[in-house]
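Below is the file entry.cif, which contains mmCIF, C-alpha atoms, pLDDT in the B column; chains and numbers go by the auth columns.
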data_protein
#
loop_
_atom_site.group_PDB
_atom_site.id
_atom_site.type_symbol
_atom_site.label_atom_id
_atom_site.label_comp_id
_atom_site.label_asym_id
_atom_site.label_seq_id
_atom_site.Cartn_x
_atom_site.Cartn_y
_atom_site.Cartn_z
_atom_site.B_iso_or_equiv
_atom_site.auth_seq_id
_atom_site.auth_asym_id
ATOM 1 C CA MET A 1 31.558 -0.981 12.396 45.00 431 A
ATOM 2 C CA THR A 2 31.434 -4.521 11.096 58.00 432 A
ATOM 3 C CA GLU A 3 28.891 -6.980 12.391 54.00 433 A
ATOM 4 C CA ALA A 4 29.907 -10.547 13.075 54.00 434 A
ATOM 5 C CA PRO A 5 28.562 -12.976 10.437 56.00 435 A
ATOM 6 C CA GLY A 6 24.921 -13.859 11.034 55.00 436 A
ATOM 7 C CA THR A 7 24.330 -11.135 13.631 51.00 437 A
ATOM 8 C CA HIS A 8 22.926 -8.327 11.479 50.00 438 A
ATOM 9 C CA ASP A 9 20.364 -6.169 13.284 60.00 439 A
ATOM 10 C CA PRO A 10 18.592 -3.895 10.752 65.00 440 A
ATOM 11 C CA ASN A 11 16.873 -1.976 13.568 64.00 441 A
ATOM 12 C CA THR A 12 20.141 -0.472 14.790 73.00 442 A
ATOM 13 C CA LEU A 13 22.103 2.304 13.126 76.00 443 A
ATOM 14 C CA PRO A 14 25.807 1.890 13.816 76.00 444 A
ATOM 15 C CA PRO A 15 27.730 5.008 14.840 81.00 445 A
ATOM 16 C CA ASN A 16 29.709 6.915 12.243 85.00 446 A
ATOM 17 C CA ILE A 17 27.910 5.685 9.124 88.00 447 A
ATOM 18 C CA PRO A 18 28.847 8.012 6.272 91.00 448 A
ATOM 19 C CA ALA A 19 26.370 10.733 5.375 93.00 449 A
ATOM 20 C CA PRO A 20 25.373 11.059 1.724 95.00 450 A
ATOM 21 C CA LEU A 21 26.151 14.297 -0.086 94.00 451 A
ATOM 22 C CA ASP A 22 23.722 16.136 -2.326 96.00 452 A
ATOM 23 C CA ASP A 23 24.977 15.062 -5.739 97.00 453 A
ATOM 24 C CA GLY A 24 22.130 16.869 -7.528 97.00 454 A
ATOM 25 C CA GLY A 25 20.629 13.523 -8.560 97.00 455 A
ATOM 26 C CA ALA A 26 17.122 14.537 -7.458 98.00 456 A
ATOM 27 C CA ALA A 27 17.211 18.221 -8.451 98.00 457 A
ATOM 28 C CA HIS A 28 15.040 17.599 -11.528 98.00 458 A
ATOM 29 C CA LEU A 29 12.179 15.886 -9.685 98.00 459 A
ATOM 30 C CA THR A 30 10.277 18.768 -8.058 98.00 460 A
ATOM 31 C CA GLY A 31 7.319 19.680 -10.279 98.00 461 A
ATOM 32 C CA MET A 32 7.427 16.467 -12.311 98.00 462 A
ATOM 33 C CA THR A 33 4.212 14.632 -13.108 98.00 463 A
ATOM 34 C CA LEU A 34 4.489 10.970 -12.214 98.00 464 A
ATOM 35 C CA PRO A 35 4.325 8.479 -15.079 98.00 465 A
ATOM 36 C CA ASP A 36 1.270 6.292 -15.591 98.00 466 A
ATOM 37 C CA LEU A 37 2.732 3.125 -14.029 97.00 467 A
ATOM 38 C CA ALA A 38 1.134 0.510 -11.796 97.00 468 A
ATOM 39 C CA LEU A 39 3.608 -0.727 -9.183 98.00 469 A
ATOM 40 C CA PRO A 40 3.211 -3.983 -7.250 98.00 470 A
ATOM 41 C CA ALA A 41 2.343 -3.387 -3.580 98.00 471 A
ATOM 42 C CA THR A 42 2.521 -5.433 -0.408 97.00 472 A
ATOM 43 C CA SER A 43 -1.208 -4.765 0.053 95.00 473 A
ATOM 44 C CA GLY A 44 -1.944 -6.922 -3.003 93.00 474 A
ATOM 45 C CA ALA A 45 -3.450 -4.386 -5.412 94.00 475 A
ATOM 46 C CA PRO A 46 -1.034 -2.468 -7.675 97.00 476 A
ATOM 47 C CA VAL A 47 -0.676 1.260 -7.006 98.00 477 A
ATOM 48 C CA ASN A 48 -0.444 3.926 -9.697 98.00 478 A
ATOM 49 C CA LEU A 49 1.005 7.020 -8.022 98.00 479 A
ATOM 50 C CA SER A 50 -0.029 9.231 -10.957 98.00 480 A
ATOM 51 C CA LYS A 51 -3.712 8.432 -10.347 97.00 481 A
ATOM 52 C CA LEU A 52 -3.858 9.093 -6.605 98.00 482 A
ATOM 53 C CA LYS A 53 -5.962 12.037 -5.483 97.00 483 A
ATOM 54 C CA GLY A 54 -4.908 14.345 -2.697 98.00 484 A
ATOM 55 C CA ARG A 55 -1.573 14.361 -0.908 98.00 485 A
ATOM 56 C CA THR A 56 0.692 11.313 -0.919 98.00 486 A
ATOM 57 C CA VAL A 57 4.000 10.840 0.859 98.00 487 A
ATOM 58 C CA LEU A 58 6.423 8.363 -0.677 98.00 488 A
ATOM 59 C CA TYR A 59 9.707 7.465 0.951 98.00 489 A
ATOM 60 C CA ILE A 60 12.294 5.666 -1.138 98.00 490 A
ATOM 61 C CA TYR A 61 15.084 3.484 0.219 96.00 491 A
ATOM 62 C CA PRO A 62 17.787 1.138 -1.122 96.00 492 A
ATOM 63 C CA ARG A 63 16.806 -2.193 0.487 92.00 493 A
ATOM 64 C CA THR A 64 15.647 -3.536 3.813 88.00 494 A
ATOM 65 C CA GLY A 65 17.764 -6.001 5.696 80.00 495 A
ATOM 66 C CA VAL A 66 16.641 -9.120 7.508 75.00 496 A
ATOM 67 C CA PRO A 67 17.725 -9.889 11.080 73.00 497 A
ATOM 68 C CA GLY A 68 20.609 -12.367 11.105 72.00 498 A
ATOM 69 C CA VAL A 69 21.196 -12.148 7.333 72.00 499 A
ATOM 70 C CA ASP A 70 24.504 -10.522 6.442 78.00 500 A
ATOM 71 C CA LEU A 71 24.553 -7.228 4.576 83.00 501 A
ATOM 72 C CA PRO A 72 26.150 -6.906 1.134 86.00 502 A
ATOM 73 C CA PRO A 73 29.929 -6.441 1.434 88.00 503 A
ATOM 74 C CA GLY A 74 30.878 -2.858 2.283 88.00 504 A
ATOM 75 C CA TRP A 75 27.251 -1.805 2.891 88.00 505 A
ATOM 76 C CA ASN A 76 28.076 0.297 5.965 87.00 506 A
ATOM 77 C CA ASP A 77 30.698 2.222 3.954 90.00 507 A
ATOM 78 C CA ILE A 78 28.288 3.358 1.211 91.00 508 A
ATOM 79 C CA PRO A 79 27.043 6.859 2.099 94.00 509 A
ATOM 80 C CA GLY A 80 23.307 6.714 2.729 92.00 510 A
ATOM 81 C CA ALA A 81 22.940 2.948 2.328 91.00 511 A
ATOM 82 C CA ARG A 82 22.417 1.862 5.939 89.00 512 A
ATOM 83 C CA GLY A 83 19.178 2.640 7.730 89.00 513 A
ATOM 84 C CA CYS A 84 16.251 1.399 5.633 88.00 514 A
ATOM 85 C CA THR A 85 14.521 -0.311 8.539 89.00 515 A
ATOM 86 C CA PRO A 86 14.872 2.742 10.842 92.00 516 A
ATOM 87 C CA GLN A 87 13.491 4.939 8.033 95.00 517 A
ATOM 88 C CA SER A 88 10.458 2.642 7.603 95.00 518 A
ATOM 89 C CA CYS A 89 9.924 2.583 11.366 94.00 519 A
ATOM 90 C CA SER A 90 10.074 6.383 11.487 96.00 520 A
ATOM 91 C CA PHE A 91 7.196 6.583 8.999 98.00 521 A
ATOM 92 C CA ARG A 92 5.290 3.896 10.926 97.00 522 A
ATOM 93 C CA ASP A 93 5.735 5.861 14.150 97.00 523 A
ATOM 94 C CA HIS A 94 4.621 9.154 12.530 98.00 524 A
ATOM 95 C CA PHE A 95 1.750 7.580 10.536 98.00 525 A
ATOM 96 C CA ASP A 96 -1.089 9.110 12.588 98.00 526 A
ATOM 97 C CA GLU A 97 0.579 12.526 12.610 97.00 527 A
ATOM 98 C CA LEU A 98 1.024 12.436 8.830 98.00 528 A
ATOM 99 C CA LYS A 99 -2.671 11.604 8.441 98.00 529 A
ATOM 100 C CA ARG A 100 -3.612 14.538 10.714 97.00 530 A
ATOM 101 C CA LEU A 101 -1.479 16.783 8.488 98.00 531 A
ATOM 102 C CA GLY A 102 -3.549 15.868 5.434 97.00 532 A
ATOM 103 C CA VAL A 103 -1.596 12.967 3.964 98.00 533 A
ATOM 104 C CA ALA A 104 -4.158 10.766 2.217 98.00 534 A
ATOM 105 C CA GLN A 105 -1.701 7.994 1.261 98.00 535 A
ATOM 106 C CA LEU A 106 1.696 6.904 2.560 98.00 536 A
ATOM 107 C CA TYR A 107 3.945 4.385 0.810 98.00 537 A
ATOM 108 C CA GLY A 108 7.498 3.144 0.922 98.00 538 A
ATOM 109 C CA LEU A 109 9.306 2.108 -2.262 98.00 539 A
ATOM 110 C CA SER A 110 12.374 0.048 -3.111 97.00 540 A
ATOM 111 C CA VAL A 111 13.490 -2.163 -5.983 97.00 541 A
ATOM 112 C CA GLN A 112 13.109 -5.344 -3.942 94.00 542 A
ATOM 113 C CA GLY A 113 10.405 -7.787 -4.938 94.00 543 A
ATOM 114 C CA THR A 114 7.003 -7.729 -3.243 95.00 544 A
ATOM 115 C CA ALA A 115 7.468 -11.058 -1.424 92.00 545 A
ATOM 116 C CA TYR A 116 10.692 -9.773 0.170 89.00 546 A
ATOM 117 C CA GLN A 117 9.047 -6.445 1.025 94.00 547 A
ATOM 118 C CA ARG A 118 5.992 -8.183 2.499 94.00 548 A
ATOM 119 C CA GLU A 119 8.177 -9.944 5.080 91.00 549 A
ATOM 120 C CA ALA A 120 9.589 -6.594 6.225 91.00 550 A
ATOM 121 C CA ALA A 121 6.182 -4.872 6.223 94.00 551 A
ATOM 122 C CA GLU A 122 4.726 -7.634 8.413 94.00 552 A
ATOM 123 C CA ARG A 123 7.755 -7.869 10.720 91.00 553 A
ATOM 124 C CA LEU A 124 7.802 -4.089 11.229 93.00 554 A
ATOM 125 C CA HIS A 125 3.981 -3.807 11.575 96.00 555 A
ATOM 126 C CA LEU A 126 3.777 -1.118 8.889 96.00 556 A
ATOM 127 C CA PRO A 127 0.265 0.363 8.563 97.00 557 A
ATOM 128 C CA PHE A 128 0.900 1.199 4.894 97.00 558 A
ATOM 129 C CA ALA A 129 1.998 -0.662 1.773 97.00 559 A
ATOM 130 C CA ILE A 130 5.467 -0.885 0.289 97.00 560 A
ATOM 131 C CA LEU A 131 5.716 -0.527 -3.497 98.00 561 A
ATOM 132 C CA SER A 132 8.155 -2.426 -5.698 98.00 562 A
ATOM 133 C CA ASP A 133 10.065 -0.957 -8.617 98.00 563 A
ATOM 134 C CA GLU A 134 11.779 -4.301 -9.187 97.00 564 A
ATOM 135 C CA LYS A 135 11.703 -3.808 -12.970 97.00 565 A
ATOM 136 C CA LEU A 136 13.131 -0.257 -12.572 97.00 566 A
ATOM 137 C CA ALA A 137 10.239 1.208 -14.612 98.00 567 A
ATOM 138 C CA LEU A 138 9.760 4.225 -12.308 98.00 568 A
ATOM 139 C CA THR A 139 13.520 4.558 -11.827 98.00 569 A
ATOM 140 C CA LYS A 140 14.108 4.803 -15.583 98.00 570 A
ATOM 141 C CA ALA A 141 11.044 6.956 -16.325 98.00 571 A
ATOM 142 C CA LEU A 142 12.101 9.608 -13.796 98.00 572 A
ATOM 143 C CA ASN A 143 15.878 9.091 -13.978 98.00 573 A
ATOM 144 C CA LEU A 144 15.998 8.470 -10.225 98.00 574 A
ATOM 145 C CA PRO A 145 19.345 8.590 -8.435 98.00 575 A
ATOM 146 C CA ALA A 146 20.653 5.069 -7.921 97.00 576 A
ATOM 147 C CA PHE A 147 23.828 3.165 -7.145 96.00 577 A
ATOM 148 C CA VAL A 148 25.139 -0.314 -7.904 95.00 578 A
ATOM 149 C CA THR A 149 26.623 -2.695 -5.358 94.00 579 A
ATOM 150 C CA SER A 150 26.996 -6.476 -5.270 92.00 580 A
ATOM 151 C CA GLY A 151 25.351 -6.662 -8.708 93.00 581 A
ATOM 152 C CA MET A 152 22.204 -4.830 -7.514 93.00 582 A
ATOM 153 C CA THR A 153 20.911 -1.496 -8.810 96.00 583 A
ATOM 154 C CA LEU A 154 19.432 0.254 -5.772 96.00 584 A
ATOM 155 C CA LEU A 155 17.716 3.588 -5.294 97.00 585 A
ATOM 156 C CA LYS A 156 19.245 6.344 -3.209 97.00 586 A
ATOM 157 C CA ARG A 157 17.236 7.334 -0.161 97.00 587 A
ATOM 158 C CA MET A 158 14.761 10.197 -0.509 98.00 588 A
ATOM 159 C CA ALA A 159 11.196 11.204 0.344 98.00 589 A
ATOM 160 C CA TRP A 160 8.574 12.961 -1.758 98.00 590 A
ATOM 161 C CA VAL A 161 5.395 14.866 -1.156 98.00 591 A
ATOM 162 C CA ILE A 162 3.072 14.248 -4.120 98.00 592 A
ATOM 163 C CA ASP A 163 -0.091 16.252 -4.780 98.00 593 A
ATOM 164 C CA ASP A 164 -2.530 14.799 -7.327 98.00 594 A
ATOM 165 C CA GLY A 165 0.245 12.964 -9.182 98.00 595 A
ATOM 166 C CA VAL A 166 2.792 15.834 -9.176 98.00 596 A
ATOM 167 C CA ILE A 167 5.935 15.817 -7.022 98.00 597 A
ATOM 168 C CA THR A 168 5.739 19.025 -4.991 97.00 598 A
ATOM 169 C CA LYS A 169 8.593 18.489 -2.501 98.00 599 A
ATOM 170 C CA VAL A 170 11.696 16.299 -2.557 98.00 600 A
ATOM 171 C CA PHE A 171 13.807 15.515 0.504 98.00 601 A
ATOM 172 C CA TYR A 172 17.257 14.502 -0.753 98.00 602 A
ATOM 173 C CA PRO A 173 19.641 13.412 0.517 97.00 603 A
ATOM 174 C CA VAL A 174 18.005 11.967 3.626 96.00 604 A
ATOM 175 C CA PHE A 175 20.222 11.691 6.707 95.00 605 A
ATOM 176 C CA PRO A 176 20.001 10.364 9.279 94.00 606 A
ATOM 177 C CA PRO A 177 17.447 7.900 7.933 95.00 607 A
ATOM 178 C CA ASP A 178 15.601 7.476 11.232 94.00 608 A
ATOM 179 C CA LYS A 179 14.703 11.202 11.161 96.00 609 A
ATOM 180 C CA SER A 180 13.187 11.067 7.642 97.00 610 A
ATOM 181 C CA ALA A 181 9.535 11.095 8.737 97.00 611 A
ATOM 182 C CA ALA A 182 10.150 13.860 11.284 97.00 612 A
ATOM 183 C CA GLU A 183 11.652 15.996 8.506 97.00 613 A
ATOM 184 C CA VAL A 184 8.560 15.438 6.342 98.00 614 A
ATOM 185 C CA VAL A 185 6.253 16.211 9.296 98.00 615 A
ATOM 186 C CA ALA A 186 8.159 19.451 9.993 97.00 616 A
ATOM 187 C CA TRP A 187 7.770 20.549 6.354 97.00 617 A
ATOM 188 C CA LEU A 188 4.072 19.630 6.238 97.00 618 A
ATOM 189 C CA SER A 189 3.553 21.605 9.441 95.00 619 A
ATOM 190 C CA ASN A 190 5.246 24.678 7.932 91.00 620 A
ATOM 191 C CA PRO A 191 5.652 24.282 4.151 77.00 621 A
ATOM 192 C CA SER A 192 6.983 27.801 3.683 71.00 622 A
ATOM 193 C CA SER A 193 10.099 27.010 5.743 60.00 623 A
#

Is it possible to express this structure as structure tokens?
Amino acid sequence: MTEAPGTHDPNTLPPNIPAPLDDGGAAHLTGMTLPDLALPATSGAPVNLSKLKGRTVLYIYPRTGVPGVDLPPGWNDIPGARGCTPQSCSFRDHFDELKRLGVAQLYGLSVQGTAYQREAAERLHLPFAILSDEKLALTKALNLPAFVTSGMTLLKRMAWVIDDGVITKVFYPVFPPDKSAAEVVAWLSNPSS
């Protein structure tokens, strides 16, 4: 599906977007200790994931779109690219449930700059901060799965459960993106499954 110029609606997932395949790009992450890095956050204060106590959920996405601003060429044809706004909204809508399940901190993360992310966080009424890996420090330190399009290096979509700075569960690939939070909630409700 191609949207007419200037009509992009990031809240809607078009039918038949291609599903990403598990390319093994995140297989090495479970059990890794996060590096000592402070990442800019839409809340203002930098966040160092390695220093957080308790359980943290981090969802990672390529880039959020803006209503009426055209997507990069071919975006809908890249497996796993479309759906960043629905993924963020799924975590917003499951925020209270995640807290009840013992999640102390919830964050989103992309490589977009904080000013760009702040617009999306405000527009979507997110009750949590979005972190920026604009300088690709976390991406390089953990060898995160990424792709390049339109001159941008973007992260592939995934979600992590982090306990005291150690990645204990990785959801990858994530599809459909609007079910990402529900998948995390299901695992937190029954982690042995």

Atomic separation - CA of Asp452 (chain A) relative to CA of Trp617 (chain A), Å: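 Separation between CA of Trp617 (chain A) and CA of Asp452 (chain A): 18.7 Å.
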
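Distances to Leu479 (chain A) were evaluated for A:Gln542, A:Thr463, A:Gln517, A:Asn506 using only C-alpha atoms, and the minimum falls at A:Thr463.
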
I need the output of the PyMOL selection byres ((chain A and resi 550) around 10) for this file as a tab-separated table (two decimals) with C-alpha atoms, keeping the file's coordinate frame; which residues are they?
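Contents of out33.tsv, as written:
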chain	number	residue	atom	x	y	z
A	472	THR	CA	2.52	-5.43	-0.41
A	494	THR	CA	15.65	-3.54	3.81
A	495	GLY	CA	17.76	-6.00	5.70
A	496	VAL	CA	16.64	-9.12	7.51
A	515	THR	CA	14.52	-0.31	8.54
A	518	SER	CA	10.46	2.64	7.60
A	544	THR	CA	7.00	-7.73	-3.24
A	545	ALA	CA	7.47	-11.06	-1.42
A	546	TYR	CA	10.69	-9.77	0.17
A	547	GLN	CA	9.05	-6.44	1.02
A	548	ARG	CA	5.99	-8.18	2.50
A	549	GLU	CA	8.18	-9.94	5.08
A	551	ALA	CA	6.18	-4.87	6.22
A	552	GLU	CA	4.73	-7.63	8.41
A	553	ARG	CA	7.76	-7.87	10.72
A	554	LEU	CA	7.80	-4.09	11.23
A	555	HIS	CA	3.98	-3.81	11.58
A	556	LEU	CA	3.78	-1.12	8.89
A	560	ILE	CA	5.47	-0.88	0.29

Output of the PyMOL selection byres ((chain A and resi 568) around 12), listed as a count of residues only: 31

Residues within 10 Å of Ser520 (chain A), all atoms listed in the file, excluding chain neighbours under 4 positions, as a ChimeraX atom specification: /A:514-516,524-525,607-612

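Take CA of Gly461 (chain A) and CA of Asp594 (chain A): the distance between them is 11.4 Å.
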
Distance query 9 Å from (7.5, 15.3, -9.8) using all atoms listed in the file, result as a list in words: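 It turns out the residues near that spot are His458, Leu459, Thr460, Gly461, Met462, Thr463, Leu464, Leu572, Trp590, Val591, Ile592, Gly595, Val596, Ile597, Thr598, Lys599 and Val600 of chain A.
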
What does the PyMOL selection byres ((chain A and resi 531) around 8) select in this file, as a VMD selection string? chain A and resid 527 to 530 532 to 533 615 618 to 619

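Proximity of A:Leu451, A:Phe601, A:Ile508, A:Asp500 to Val614 (chain A), computed with all atoms listed in the file, is greatest for A:Phe601.
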
Which of A:Ala559, A:Ala589, A:Val578, A:Leu443 sits closest to Val477 (chain A) [using all atoms listed in the file]: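 Once distances to Val477 (chain A) are computed over all atoms listed in the file, the minimum belongs to A:Ala559.
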
Computed gap from CA of Gly454 (chain A) to CA of Ala616 (chain A) is 22.6 Å

What would region 559-584 of chain A look like with N, CA and C atoms in place, written as a PDB file, keeping the file's coordinate frame?
ATOM      1  N   ALA A 559       1.398   0.284   2.721  1.00 97.00           N
ATOM      2  CA  ALA A 559       1.998  -0.662   1.773  1.00 97.00           C
ATOM      3  C   ALA A 559       3.376  -0.188   1.316  1.00 97.00           C
ATOM      4  N   ILE A 560       4.180  -1.150   0.914  1.00 97.00           N
ATOM      5  CA  ILE A 560       5.467  -0.885   0.289  1.00 97.00           C
ATOM      6  C   ILE A 560       5.309  -1.229  -1.198  1.00 97.00           C
ATOM      7  N   LEU A 561       5.800  -0.348  -2.047  1.00 98.00           N
ATOM      8  CA  LEU A 561       5.716  -0.527  -3.497  1.00 98.00           C
ATOM      9  C   LEU A 561       7.041  -1.050  -4.027  1.00 98.00           C
ATOM     10  N   SER A 562       6.961  -1.847  -5.082  1.00 98.00           N
ATOM     11  CA  SER A 562       8.155  -2.426  -5.698  1.00 98.00           C
ATOM     12  C   SER A 562       8.391  -1.838  -7.086  1.00 98.00           C
ATOM     13  N   ASP A 563       9.623  -1.367  -7.281  1.00 98.00           N
ATOM     14  CA  ASP A 563      10.065  -0.957  -8.617  1.00 98.00           C
ATOM     15  C   ASP A 563      11.140  -1.939  -9.084  1.00 98.00           C
ATOM     16  N   GLU A 564      10.830  -3.227  -8.885  1.00 97.00           N
ATOM     17  CA  GLU A 564      11.779  -4.301  -9.187  1.00 97.00           C
ATOM     18  C   GLU A 564      12.228  -4.268 -10.646  1.00 97.00           C
ATOM     19  N   LYS A 565      11.345  -3.858 -11.543  1.00 97.00           N
ATOM     20  CA  LYS A 565      11.703  -3.808 -12.970  1.00 97.00           C
ATOM     21  C   LYS A 565      12.314  -2.464 -13.364  1.00 97.00           C
ATOM     22  N   LEU A 566      12.508  -1.577 -12.373  1.00 97.00           N
ATOM     23  CA  LEU A 566      13.131  -0.257 -12.572  1.00 97.00           C
ATOM     24  C   LEU A 566      12.353   0.638 -13.536  1.00 97.00           C
ATOM     25  N   ALA A 567      11.051   0.404 -13.685  1.00 98.00           N
ATOM     26  CA  ALA A 567      10.239   1.208 -14.612  1.00 98.00           C
ATOM     27  C   ALA A 567      10.147   2.659 -14.134  1.00 98.00           C
ATOM     28  N   LEU A 568       9.841   2.870 -12.850  1.00 98.00           N
ATOM     29  CA  LEU A 568       9.760   4.225 -12.308  1.00 98.00           C
ATOM     30  C   LEU A 568      11.148   4.860 -12.275  1.00 98.00           C
ATOM     31  N   THR A 569      12.133   4.070 -11.897  1.00 98.00           N
ATOM     32  CA  THR A 569      13.520   4.558 -11.827  1.00 98.00           C
ATOM     33  C   THR A 569      13.963   5.110 -13.173  1.00 98.00           C
ATOM     34  N   LYS A 570      13.699   4.365 -14.242  1.00 98.00           N
ATOM     35  CA  LYS A 570      14.108   4.803 -15.583  1.00 98.00           C
ATOM     36  C   LYS A 570      13.254   5.961 -16.081  1.00 98.00           C
ATOM     37  N   ALA A 571      11.941   5.911 -15.826  1.00 98.00           N
ATOM     38  CA  ALA A 571      11.044   6.956 -16.325  1.00 98.00           C
ATOM     39  C   ALA A 571      11.370   8.323 -15.732  1.00 98.00           C
ATOM     40  N   LEU A 572      11.812   8.341 -14.468  1.00 98.00           N
ATOM     41  CA  LEU A 572      12.101   9.608 -13.796  1.00 98.00           C
ATOM     42  C   LEU A 572      13.599   9.862 -13.619  1.00 98.00           C
ATOM     43  N   ASN A 573      14.425   8.953 -14.136  1.00 98.00           N
ATOM     44  CA  ASN A 573      15.878   9.091 -13.978  1.00 98.00           C
ATOM     45  C   ASN A 573      16.239   9.295 -12.507  1.00 98.00           C
ATOM     46  N   LEU A 574      15.779   8.360 -11.661  1.00 98.00           N
ATOM     47  CA  LEU A 574      15.998   8.470 -10.225  1.00 98.00           C
ATOM     48  C   LEU A 574      17.451   8.177  -9.871  1.00 98.00           C
ATOM     49  N   PRO A 575      17.980   8.856  -8.860  1.00 98.00           N
ATOM     50  CA  PRO A 575      19.345   8.590  -8.435  1.00 98.00           C
ATOM     51  C   PRO A 575      19.470   7.190  -7.849  1.00 98.00           C
ATOM     52  N   ALA A 576      20.462   6.461  -8.320  1.00 97.00           N
ATOM     53  CA  ALA A 576      20.653   5.069  -7.921  1.00 97.00           C
ATOM     54  C   ALA A 576      22.142   4.788  -7.782  1.00 97.00           C
ATOM     55  N   PHE A 577      22.448   3.625  -7.230  1.00 96.00           N
ATOM     56  CA  PHE A 577      23.828   3.165  -7.145  1.00 96.00           C
ATOM     57  C   PHE A 577      23.835   1.657  -7.344  1.00 96.00           C
ATOM     58  N   VAL A 578      24.998   1.120  -7.668  1.00 95.00           N
ATOM     59  CA  VAL A 578      25.139  -0.314  -7.904  1.00 95.00           C
ATOM     60  C   VAL A 578      26.130  -0.876  -6.896  1.00 95.00           C
ATOM     61  N   THR A 579      25.735  -1.979  -6.266  1.00 94.00           N
ATOM     62  CA  THR A 579      26.623  -2.695  -5.358  1.00 94.00           C
ATOM     63  C   THR A 579      26.247  -4.171  -5.375  1.00 94.00           C
ATOM     64  N   SER A 580      27.218  -5.021  -5.294  1.00 92.00           N
ATOM     65  CA  SER A 580      26.996  -6.476  -5.270  1.00 92.00           C
ATOM     66  C   SER A 580      26.067  -6.921  -6.385  1.00 92.00           C
ATOM     67  N   GLY A 581      26.162  -6.293  -7.555  1.00 93.00           N
ATOM     68  CA  GLY A 581      25.351  -6.662  -8.708  1.00 93.00           C
ATOM     69  C   GLY A 581      23.917  -6.168  -8.660  1.00 93.00           C
ATOM     70  N   MET A 582      23.572  -5.346  -7.657  1.00 93.00           N
ATOM     71  CA  MET A 582      22.204  -4.830  -7.514  1.00 93.00           C
ATOM     72  C   MET A 582      22.175  -3.342  -7.846  1.00 93.00           C
ATOM     73  N   THR A 583      21.182  -2.923  -8.617  1.00 96.00           N
ATOM     74  CA  THR A 583      20.911  -1.496  -8.810  1.00 96.00           C
ATOM     75  C   THR A 583      19.892  -1.099  -7.762  1.00 96.00           C
ATOM     76  N   LEU A 584      20.271  -0.146  -6.904  1.00 96.00           N
ATOM     77  CA  LEU A 584      19.432   0.254  -5.772  1.00 96.00           C
ATOM     78  C   LEU A 584      19.200   1.758  -5.802  1.00 96.00           C
TER      79      LEU A 584
END
